[in-house]
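Novice: Following this message is one structure expressed as structure tokens.
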Amino acid sequence: LIIFRPMRRVLALALALVACVASGGASFGHVVELTDANFDGEVGKGPTLVVVSADWCTHCKALAPTWQTLATTLAGETVVARVNGPKHKALLKRLGVTAYPTILYLRDGSMREYAGGKRTVDALVAFTRGGWRDTTPVPWYAAPNGLVGKITGALFRVPAAAETIYKNIRKQHNLSDVTILFIALSVPVAAGVLAVAAADVYVTRTAMHAGAMRRQREASSFGGGGPQHGHAHRD
């Protein structure tokens with residue numbers, strides 16, 4: 001028994017690691033950093049407890065050790081995550097957060113804000129393991145993990161994507177703001193001109209074809225020439 005006891009511990013640890021990998025692995029004792037890109041994928045793995053914070057926020061810094069402990073305590077039950085609000089502004093708008101830190105609980109397409117007062121490990125574990133049922137969720141249309149929230153999130157990402165493209169163009173090609181603006185305006189204008197030209201060609205060809213068909217029908221109806229008139233015969 002003494003010989004095999006260490007082996008049983010190793011086997012138990014291996015099984016725990018396998019279970020972690022099977023469930024996604026990202027939340028096993030680790031705080032997941034949520035971004036605009038991975039939000040839907042991480043939240044879709046299961047119940048998620050997330051804190052929206054900022055690097056300059058004193059209360060957020062004080063909460064960091066608690067959050068790490070929660071990630072270990074709730075491993076395999078709940079994804080424990082963090083959103084850097086100032087860094088991911090589109091996601092911040094999607095979550096509807098206006099203050100730091102804000103603690104949110106997301107599951108089954110709904111979202112609840114933790115307002116229990118105490119930000120201790122025990123209080124937050126109790127909230128995650130059932131206390132959330134006593135909290136009214138945000139309206140369905142405001143839930144970031146619902147259908148409307150996903151569509152809204154895609155719309156919020158458009159300005160951020162445009163800003164990223166702008167920065168990359170300016171950095172790689174060393175273009176001025178005026179040049180970039182000119183290019184940005186030229187693309188839709190050129191697309192509009194091409195669309196108008198295509199529409200004009202289509203309308204013209206359709207009209208010509210209709211005219212040709214009409215003339216053909218008229219020619220067919222009078223194909224035998226005009227009506228024949230008889231001449232009176234005089235003796």
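Residues in the structure tokens are named by chain (A, B, ... in the order shown) and by number from 1 within that chain; ligands are numbered from 1 in the order shown.
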Select from segment 69-161 of chain A every residue with an atom at most 7 Å from any atom of segment 36-56 of chain A, then for each give the shortest pair of atoms and their distance in Å to one decimal, using only C-alpha atoms, rows by chain and rising number, as JSON lines.

Specialist:
{"residue": "A:Thr78", "atom": "CA", "partner": "A:Pro47", "partner_atom": "CA", "distance": 5.1}
{"residue": "A:Val79", "atom": "CA", "partner": "A:Thr48", "partner_atom": "CA", "distance": 4.5}
{"residue": "A:Val80", "atom": "CA", "partner": "A:Leu49", "partner_atom": "CA", "distance": 4.9}
{"residue": "A:Ala81", "atom": "CA", "partner": "A:Val50", "partner_atom": "CA", "distance": 4.5}
{"residue": "A:Arg82", "atom": "CA", "partner": "A:Val51", "partner_atom": "CA", "distance": 4.9}
{"residue": "A:Val83", "atom": "CA", "partner": "A:Val52", "partner_atom": "CA", "distance": 4.7}
{"residue": "A:Asn84", "atom": "CA", "partner": "A:Ser53", "partner_atom": "CA", "distance": 5.4}
{"residue": "A:Gly85", "atom": "CA", "partner": "A:Ser53", "partner_atom": "CA", "distance": 5.8}
{"residue": "A:Pro86", "atom": "CA", "partner": "A:Ala54", "partner_atom": "CA", "distance": 6.4}
{"residue": "A:His88", "atom": "CA", "partner": "A:Asp36", "partner_atom": "CA", "distance": 6.7}
{"residue": "A:Ala90", "atom": "CA", "partner": "A:Asp36", "partner_atom": "CA", "distance": 7.0}
{"residue": "A:Leu91", "atom": "CA", "partner": "A:Asp36", "partner_atom": "CA", "distance": 5.6}
{"residue": "A:Tyr100", "atom": "CA", "partner": "A:Ser53", "partner_atom": "CA", "distance": 5.2}
{"residue": "A:Pro101", "atom": "CA", "partner": "A:Ser53", "partner_atom": "CA", "distance": 4.8}
{"residue": "A:Thr102", "atom": "CA", "partner": "A:Val52", "partner_atom": "CA", "distance": 5.2}
{"residue": "A:Ile103", "atom": "CA", "partner": "A:Val51", "partner_atom": "CA", "distance": 4.4}
{"residue": "A:Leu104", "atom": "CA", "partner": "A:Val50", "partner_atom": "CA", "distance": 5.3}
{"residue": "A:Tyr105", "atom": "CA", "partner": "A:Leu49", "partner_atom": "CA", "distance": 4.6}
{"residue": "A:Leu106", "atom": "CA", "partner": "A:Thr48", "partner_atom": "CA", "distance": 5.1}
{"residue": "A:Arg107", "atom": "CA", "partner": "A:Pro47", "partner_atom": "CA", "distance": 4.6}

Novice: Hey, what does DSSP flag as alpha helix (DSSP H) within segment 41-189 of chain A? Can you give it to me as JSON, numbers by chain?

Specialist: {"A": [41, 42, 43, 58, 59, 60, 61, 62, 63, 64, 65, 66, 67, 68, 69, 70, 71, 72, 73, 89, 90, 91, 92, 93, 94, 95, 121, 122, 123, 124, 125, 126, 127, 128, 147, 148, 149, 150, 151, 152, 153, 154, 155, 156, 157, 158, 159, 160, 161, 162, 163, 164, 165, 166, 167, 168, 169, 170, 171, 172, 173, 177, 178, 179, 180, 181, 182, 183, 184, 185, 186, 187, 188, 189]}

Novice: Let's see if you can do this: from backbone DSSP, list all strand (DSSP E or B) residues in segment 6-185 of chain A, as a count of residues only.

Specialist: 25

Novice: Got a sec: who's within 9 Å of Thr73 of chain A, counting only C-alpha atoms, leaving out chain neighbours fewer than 5 positions off, as a list in words?

Specialist: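 Counting only the stated atoms, we get Gly29, Gln68, Val121 and Val125 of chain A.
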
Novice: Hey, can you check how far atom CA of Glu113 of chain A sits from atom CA of Arg157 of chain A?

Specialist: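 Spanning atom CA of Glu113 of chain A to atom CA of Arg157 of chain A is a straight-line distance of 23.3 Å.
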
Novice: A:Leu34, A:Ala162, A:Ile151, A:Ile183: which is nearest Leu92 of chain A, counting only C-alpha atoms?

Specialist: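 Looking only at the distances to Leu92 of chain A, the closest residue turns out to be A:Leu34.
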
Novice: With only C-alpha atoms as the atoms that count, which of A:Thr66, A:Thr58, A:Asn174, A:Ser110 lies nearest to Val31 of chain A?

Specialist: A:Thr66
